[in-house]
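Please read the structure below before turning to the comments.
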Amino acid sequence: MNAPKRDGHLDGHLPPEHPLSPHAKYRDLPPVGRLLSNYAVRDLWDTDFARLPWPLARQRRRARDFAERHMAPIADALDLAPHLAPGECHPDARALLREAGRQGWLSYFLPRPLGSMPWSTLAYPAIWQCSVIVEEFSRSCGGLMLLLSAHHLGAMPLLLAGNARQLLVDLPSVYRRCERGDPHLMAFAITEPGAGSDAEDGHGAATYRPGVVATPTAGGWLLNGRKCYISGGDLATSVTVFAALQGEGMESWTCFHVDAATPGFRGARTERKMGMRASGAAELEFVDVFVPHARVVGALRQGWAINRATLNASRIPVAAMGVGLARAATEAALDFARRYTLGGKPLVHYQEVQLQLATMVAETRAIRALVWQEARHAWRPRQLHASLAKFHATDVAQRVCEMAMDLVADHGVLHEQRVEKIFRDVRLTRIFEGTNQVNRLSLVEDWQGQLLDADHSMGV
Ligand SMILES: Cc1cc2nc3c(=O)[nH]c(=O)nc-3n(C[C@H](O)[C@H](O)[C@H](O)COP(=O)(O)OP(=O)(O)OC[C@H]3O[C@@H](n4cnc5c(N)ncnc54)[C@H](O)[C@@H]3O)c2cc1C
């Protein structure tokens with residue numbers, strides 16, 4: 001978004017050089033006053049680089065460059081491309097994955113030489129770095145962002161609960177393949193036909209019937225069953241799968257790192273979905289899939305805790321997806337308001353439109369502030385904070401996208417205006433990683449001790 005021209009002005013506002021304009025008058029302030037106020041002409045979004053610690057600002061700039069150069073140009077084609085079967089990959093998506101791997105966007109949760117995270121960012125929670133990157137990627141394309149992000153979700157159980165070998169050998173070897181430009185993609189599989197939010201948040205744990213069951217066998221386990229809606233499951237080289245142990249319920253959930261080349265593992269189908277279409281959502285089938293003991297992640301019956309910890313880590317970046325999409329919608333609406341003329345002048349001169357744009361910018365910046373506030377403290381992300389950030393940021397993001405749609409009006413239904421695609425993409429952020437309703441319940445679940453304790457302060 002370019003700064004407004006200095007010599008121009010919008011209807012209803014003073015030109016910057018007008019004697020009553022604060023931009024002009026600011027320069028008349030005494031030095032202390034100038035020091036304590038600010039009228040620098042800057043891009044509205046770029047001011048946020050200055051508010052980030054420099055290592056994160058540098059990552060953000062790199063992510064923006066990558067997204068603008070490699071994601072934005074193919075976003076439309078991939079959104080409109082025919083639906084693909086499991087295992088098939090659009091050539092442009094394949095090229096993007098290779099380049100993303102080479103540039104370190106598929107390996108940034110471990111520092112060099114194990115991964116690609118710059119040492120300078122180690123002083124900040126990895127979730128903050130991830131959120132900053134995800135915002136930039138989402139701004140360019142929700143679907144391509146999910147194509148890249150689902151891989152990190154798949155790797156998260158190894159990071160959170162892997163033993164020394166899994167953390168220092170298995171995951172770095174995944175990362176090295178990515179950096180060589182031959183991506184080993186991972187996916188995260190909890191959702192089962194008949195248990196989505198239930199499986200994610202435990203509200204239906206008592207009546208849960210396992211969708212994937214692990215049966216003991218010589219040297220390991222045999223997995224049988226199905227998982228559904230698995231992002232990136234169609235292209236994954238390996239998948240972290242949560243299964244109940246034979247004859248037990250959800251409390252026995254165990255995480256298995258399954259190699260997709262194992263006999264009996266199959267991507268059964270991919271969904272034709274409304275948004276984020278560049279990323280496949282796959283149904284996975286397991287028929288006597290052998291998993292050796294060495295590929296159990298964490299301990300037996302620890303899957304439930306690993307699942308919850310993974311979601312606490314990933315829900316803040318999902319909130320950042322909302323920020324990126326709201327920003328993209330605001331930029332698209334502003335671009336339209338500048339170009340489209342009504343009554344002989346561009347739409348942006350109408351004050352009703354200005355009011356709408358101001359609200360969109362304010363809402364977007366407010367959810368970004370929420371995301372950064374939570375992410376900057378997310379060394380040990382807490383359920384209450386992660387769920388709150390996820391449902392609130394994505395709810396607000398959708399409202400911003402609706403405002404963009406209102407502003408662009410009949411043109412908004414046309415694919416060329418971008419708002420139509422963003423509108424379809426943002427809706428999914430309110431559904432995955434637990435519906436926003438379930439995330440509200442998740443907040444309350446974590447908070448309930450205080451809610452019930454009359455003597456305790458209600459501080460959140
Ligand atoms: C694009 C996309 C990508 C996805 N990627 C992945 C992935 O990579 N890995 C993965 O494992 N899963 C993935 N999912 C699955 C996703 O996480 C689930 O779809 C989501 O959590 C919702 O679960 P569900 O579909 O079973 O809905 P349900 O849980 O069946 O919800 C149905 C309705 O019931 C409500 N509800 C549920 N429980 C309660 C309750 N206790 N009280 C009140 N209301 C309730 C919900 O809010 C919703 O309105 C993805 C889904 C989508 C759409």
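Chains: A, B, ... in order of the structure tokens. Residues: from 1 per chain. Ligands: from 1, in order shown.
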
Strand (DSSP E or B) positions in segment 325-413 of chain A, given as number ranges by chain: A: 341-342, 345-346

Can you write just those residues out, C-alpha atoms, as a PDB file, in the first residue's frame?
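Result file selection-v9.pdb:
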```pdb
ATOM      1  CA  THR A 341     -15.033   6.111  -9.847  1.00  0.00           C
ATOM      2  CA  LEU A 342     -18.543   7.072  -8.826  1.00  0.00           C
ATOM      3  CA  LYS A 345     -14.515  10.816  -8.513  1.00  0.00           C
ATOM      4  CA  PRO A 346     -12.758   7.799  -7.035  1.00  0.00           C
TER       5      PRO A 346
END
```

Check every protein, DNA and RNA residue against ligand 1, keep those with an atom at most 9 Å away (counting only C-alpha atoms and all ligand atoms), and present them as a compact mmCIF listing (two decimals) with N, CA and C atoms, in the first residue's frame.
```
# COMPACT_ATOMS: atom_id res chain seq x y z
N LEU A 146 -1.28 -22.39 3.63
CA LEU A 146 -1.62 -23.64 4.33
C LEU A 146 -0.78 -24.80 3.81
N ALA A 150 1.01 -26.46 7.04
CA ALA A 150 0.57 -27.77 7.53
C ALA A 150 1.77 -28.65 7.85
N HIS A 151 2.85 -28.45 7.11
CA HIS A 151 4.09 -29.21 7.35
C HIS A 151 4.62 -28.96 8.77
N LEU A 153 2.87 -28.00 11.33
CA LEU A 153 1.94 -28.62 12.28
C LEU A 153 2.26 -30.11 12.41
N GLY A 154 2.56 -30.75 11.28
CA GLY A 154 2.90 -32.17 11.30
C GLY A 154 4.17 -32.46 12.10
N ALA A 187 2.52 -34.08 7.79
CA ALA A 187 1.14 -33.68 8.07
C ALA A 187 0.76 -34.16 9.46
N PHE A 188 -0.29 -33.56 10.00
CA PHE A 188 -0.73 -33.81 11.38
C PHE A 188 -2.13 -34.39 11.32
N ALA A 189 -2.32 -35.59 11.88
CA ALA A 189 -3.62 -36.26 11.69
C ALA A 189 -4.29 -36.59 13.02
N ILE A 190 -5.26 -35.75 13.41
CA ILE A 190 -6.09 -36.10 14.57
C ILE A 190 -7.54 -36.33 14.16
N THR A 191 -8.04 -35.52 13.21
CA THR A 191 -9.48 -35.55 12.94
C THR A 191 -9.91 -36.89 12.33
N GLU A 192 -11.03 -37.39 12.83
CA GLU A 192 -11.54 -38.68 12.37
C GLU A 192 -12.98 -38.50 11.93
N PRO A 193 -13.42 -39.33 10.99
CA PRO A 193 -14.83 -39.25 10.64
C PRO A 193 -15.63 -39.44 11.93
N GLY A 194 -16.45 -38.44 12.29
CA GLY A 194 -17.24 -38.58 13.52
C GLY A 194 -16.60 -38.01 14.75
N ALA A 195 -15.38 -37.45 14.67
CA ALA A 195 -14.76 -36.83 15.85
C ALA A 195 -13.76 -35.77 15.43
N GLY A 196 -14.20 -34.54 15.35
CA GLY A 196 -13.33 -33.44 14.98
C GLY A 196 -13.03 -32.59 16.17
N SER A 197 -13.91 -31.62 16.46
CA SER A 197 -13.72 -30.78 17.63
C SER A 197 -13.66 -31.65 18.88
N ASP A 198 -14.46 -32.72 18.91
CA ASP A 198 -14.44 -33.62 20.06
C ASP A 198 -13.01 -34.10 20.29
N ALA A 199 -12.43 -34.58 19.21
CA ALA A 199 -11.09 -35.12 19.34
C ALA A 199 -10.11 -34.03 19.73
N GLU A 200 -10.35 -32.80 19.25
CA GLU A 200 -9.41 -31.73 19.54
C GLU A 200 -9.58 -31.20 20.95
N ASP A 201 -10.76 -31.18 21.47
CA ASP A 201 -10.95 -30.51 22.74
C ASP A 201 -11.55 -31.36 23.85
N GLY A 202 -11.85 -32.60 23.55
CA GLY A 202 -12.18 -33.52 24.63
C GLY A 202 -13.59 -33.43 25.16
N HIS A 203 -14.43 -32.60 24.55
CA HIS A 203 -15.78 -32.47 25.11
C HIS A 203 -16.60 -33.74 24.90
N GLY A 204 -16.19 -34.56 23.94
CA GLY A 204 -16.94 -35.80 23.72
C GLY A 204 -16.10 -37.01 24.08
N LYS A 227 -8.46 -41.25 9.00
CA LYS A 227 -8.41 -39.85 9.45
C LYS A 227 -8.91 -39.00 8.29
N CYS A 228 -9.52 -37.85 8.60
CA CYS A 228 -10.05 -37.04 7.49
C CYS A 228 -9.67 -35.56 7.63
N TYR A 229 -9.82 -34.85 6.54
CA TYR A 229 -9.50 -33.40 6.45
C TYR A 229 -8.03 -33.11 6.78
N ILE A 230 -7.12 -33.98 6.43
CA ILE A 230 -5.73 -33.79 6.85
C ILE A 230 -5.00 -32.90 5.84
N SER A 231 -4.70 -31.68 6.26
CA SER A 231 -4.04 -30.72 5.36
C SER A 231 -2.66 -31.25 4.98
N GLY A 232 -2.41 -31.28 3.70
CA GLY A 232 -1.11 -31.75 3.22
C GLY A 232 -0.97 -33.26 3.29
N GLY A 233 -2.02 -33.97 3.76
CA GLY A 233 -1.95 -35.43 3.85
C GLY A 233 -1.81 -36.05 2.46
N VAL A 241 0.36 -39.30 13.47
CA VAL A 241 -1.02 -39.83 13.57
C VAL A 241 -1.32 -40.17 15.02
N PHE A 242 -2.53 -39.80 15.46
CA PHE A 242 -2.94 -40.09 16.83
C PHE A 242 -3.93 -41.25 16.80
N GLU A 271 -10.62 -33.56 -0.50
CA GLU A 271 -11.92 -32.88 -0.51
C GLU A 271 -11.94 -31.75 -1.54
N LYS A 273 -12.89 -28.38 -1.62
CA LYS A 273 -13.32 -27.44 -0.58
C LYS A 273 -13.44 -26.01 -1.08
N MET A 274 -14.14 -25.17 -0.27
CA MET A 274 -14.50 -23.83 -0.74
C MET A 274 -13.33 -22.87 -0.80
N GLY A 275 -12.37 -23.02 0.13
CA GLY A 275 -11.28 -22.05 0.19
C GLY A 275 -9.94 -22.73 0.39
N MET A 276 -8.88 -21.92 0.41
CA MET A 276 -7.51 -22.44 0.58
C MET A 276 -7.30 -23.64 -0.33
N ARG A 277 -7.71 -23.49 -1.58
CA ARG A 277 -7.79 -24.64 -2.48
C ARG A 277 -6.42 -25.12 -2.95
N SER A 279 -4.17 -25.99 -1.06
CA SER A 279 -3.73 -27.02 -0.12
C SER A 279 -4.75 -28.14 -0.11
N GLY A 280 -4.28 -29.37 -0.19
CA GLY A 280 -5.19 -30.51 -0.20
C GLY A 280 -5.62 -30.90 1.20
N ALA A 281 -6.90 -31.26 1.36
CA ALA A 281 -7.39 -31.82 2.64
C ALA A 281 -7.71 -33.28 2.34
N ALA A 282 -6.94 -34.19 2.92
CA ALA A 282 -7.02 -35.59 2.51
C ALA A 282 -7.65 -36.49 3.55
N ASP A 425 -11.27 -18.03 1.68
CA ASP A 425 -10.14 -18.54 2.48
C ASP A 425 -10.33 -18.26 3.97
N LEU A 428 -12.36 -20.56 6.45
CA LEU A 428 -11.83 -21.83 6.96
C LEU A 428 -11.07 -21.65 8.27
N THR A 429 -10.51 -20.46 8.49
CA THR A 429 -9.73 -20.26 9.73
C THR A 429 -10.64 -20.32 10.96
N ARG A 430 -11.94 -20.14 10.75
CA ARG A 430 -12.89 -20.22 11.89
C ARG A 430 -13.36 -21.64 12.13
N ILE A 431 -12.95 -22.55 11.24
CA ILE A 431 -13.39 -23.94 11.37
C ILE A 431 -12.25 -24.86 11.83
N PHE A 432 -11.06 -24.73 11.16
CA PHE A 432 -10.03 -25.71 11.51
C PHE A 432 -9.33 -25.35 12.82
N GLU A 433 -8.60 -26.35 13.31
CA GLU A 433 -7.97 -26.28 14.65
C GLU A 433 -9.03 -26.06 15.74
N GLY A 434 -10.16 -26.74 15.58
CA GLY A 434 -11.29 -26.57 16.49
C GLY A 434 -12.14 -25.41 15.99
N THR A 435 -13.44 -25.63 15.87
CA THR A 435 -14.31 -24.52 15.46
C THR A 435 -14.15 -23.39 16.50
N ASN A 436 -14.54 -22.20 16.11
CA ASN A 436 -14.38 -21.09 17.06
C ASN A 436 -15.26 -21.28 18.29
N GLN A 437 -16.40 -21.97 18.12
CA GLN A 437 -17.23 -22.27 19.30
C GLN A 437 -16.46 -23.17 20.27
N VAL A 438 -15.83 -24.18 19.70
CA VAL A 438 -15.07 -25.11 20.55
C VAL A 438 -13.87 -24.39 21.18
N ASN A 439 -13.28 -23.45 20.47
CA ASN A 439 -12.17 -22.69 21.07
C ASN A 439 -12.66 -21.81 22.23
N LEU A 441 -15.06 -22.70 24.21
CA LEU A 441 -15.21 -23.66 25.31
C LEU A 441 -13.83 -24.04 25.86
```

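For segment 168-185 of chain A, the set of protein, DNA and RNA residues having any atom at most 6 Å away, when counting only C-alpha atoms and skipping those fewer than 6 positions along the same chain, is Arg98, Gly101, Arg102, Ser107, Leu114, Gly115, His151, Ala236 and Thr237 of chain A.
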
Could the residues in this selection be written to a file with C-alpha atoms, as an mmCIF file, in the first residue's frame?
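The resulting file, out.cif, is reproduced below:
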```
data_model
loop_
_atom_site.group_PDB
_atom_site.id
_atom_site.type_symbol
_atom_site.label_atom_id
_atom_site.label_comp_id
_atom_site.auth_asym_id
_atom_site.auth_seq_id
_atom_site.Cartn_x
_atom_site.Cartn_y
_atom_site.Cartn_z
ATOM 1 C CA ARG A 98 11.076 -26.723 -3.666
ATOM 2 C CA GLY A 101 12.446 -25.607 1.164
ATOM 3 C CA ARG A 102 15.651 -24.162 -0.270
ATOM 4 C CA SER A 107 12.659 -25.903 8.470
ATOM 5 C CA LEU A 114 19.695 -28.630 12.578
ATOM 6 C CA GLY A 115 17.221 -26.357 10.792
ATOM 7 C CA HIS A 151 4.089 -29.211 7.347
ATOM 8 C CA ALA A 236 3.058 -35.900 2.903
ATOM 9 C CA THR A 237 6.122 -38.112 3.094
#
```

Give me the residues within 12 Å of Arg69 of chain A as a PyMOL selection string, counting only C-alpha atoms and dropping any in the same chain fewer than 5 places off. chain A and resi 62-64+74-75+96+99-100+136-137+140-141

Atom pair atom CA of Gln448 of chain A / atom CA of Arg308 of chain A: separation (Å):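 So the answer is 16.9 Å.
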
Would you tabulate, counting only C-alpha atoms, all residues of segment 145-173 of chain A that have an atom at most 12 Å from an atom of segment 82-95 of chain A, showing the closest pair of atoms and their distance in Å to one decimal, sorted by chain then ascending number, as JSON lines?
```
{"residue": "A:Met145", "atom": "CA", "partner": "A:Ala93", "partner_atom": "CA", "distance": 11.1}
{"residue": "A:Leu146", "atom": "CA", "partner": "A:Ala93", "partner_atom": "CA", "distance": 11.8}
{"residue": "A:Leu147", "atom": "CA", "partner": "A:Ala93", "partner_atom": "CA", "distance": 8.6}
{"residue": "A:Leu148", "atom": "CA", "partner": "A:Ala93", "partner_atom": "CA", "distance": 10.1}
```

With a distance cut-off of 8 Å and only C-alpha atoms, select the neighbouring residues of segment 217-220 of chain A, excluding the residue or stretch itself and same-chain residues fewer than 5 positions from it, and output the selection as an mmCIF file with C-alpha atoms, in the first residue's frame.
```cif
data_model
loop_
_atom_site.group_PDB
_atom_site.id
_atom_site.type_symbol
_atom_site.label_atom_id
_atom_site.label_comp_id
_atom_site.auth_asym_id
_atom_site.auth_seq_id
_atom_site.Cartn_x
_atom_site.Cartn_y
_atom_site.Cartn_z
ATOM 1 C CA PHE A 290 3.215 -51.252 10.682
ATOM 2 C CA VAL A 291 4.906 -48.639 12.874
ATOM 3 C CA PRO A 292 8.068 -49.698 14.731
ATOM 4 C CA HIS A 293 8.453 -48.855 18.437
#
```

Minimum-distance residue to Ala319 of chain A, chosen among A:Cys130, A:Leu144, A:Leu35, A:Ala72 (using only C-alpha atoms): A:Cys130

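Minimum atom-to-atom distance to Leu223 of chain A, evaluated using only C-alpha atoms, belongs to A:Pro263 out of A:Gly143, A:Pro263, A:Gly322, A:Pro53.
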
Please extract the residues of segment 148-386 of chain A with a backbone DSSP assignment of helix (DSSP H, G or I) and present them as JSON, numbers by chain. {"A": [148, 149, 150, 151, 152, 153, 154, 155, 156, 157, 158, 159, 160, 161, 164, 165, 166, 167, 168, 169, 170, 171, 172, 173, 174, 175, 176, 177, 178, 179, 197, 198, 199, 200, 201, 205, 206, 207, 250, 251, 252, 293, 294, 295, 303, 304, 305, 306, 307, 308, 309, 310, 311, 312, 313, 314, 315, 316, 317, 318, 319, 320, 321, 322, 323, 324, 325, 326, 327, 328, 329, 330, 331, 332, 333, 334, 335, 336, 337, 338, 339, 347, 348, 349, 351, 352, 353, 354, 355, 356, 357, 358, 359, 360, 361, 362, 363, 364, 365, 366, 367, 368, 369, 370, 371, 372, 373, 374, 375, 383, 384, 385, 386]}

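Checking A:Arg60, A:Arg209, A:Arg269, A:Arg301 one by one against Glu251 of chain A, counting only C-alpha atoms, you find the shortest gap at A:Arg301.
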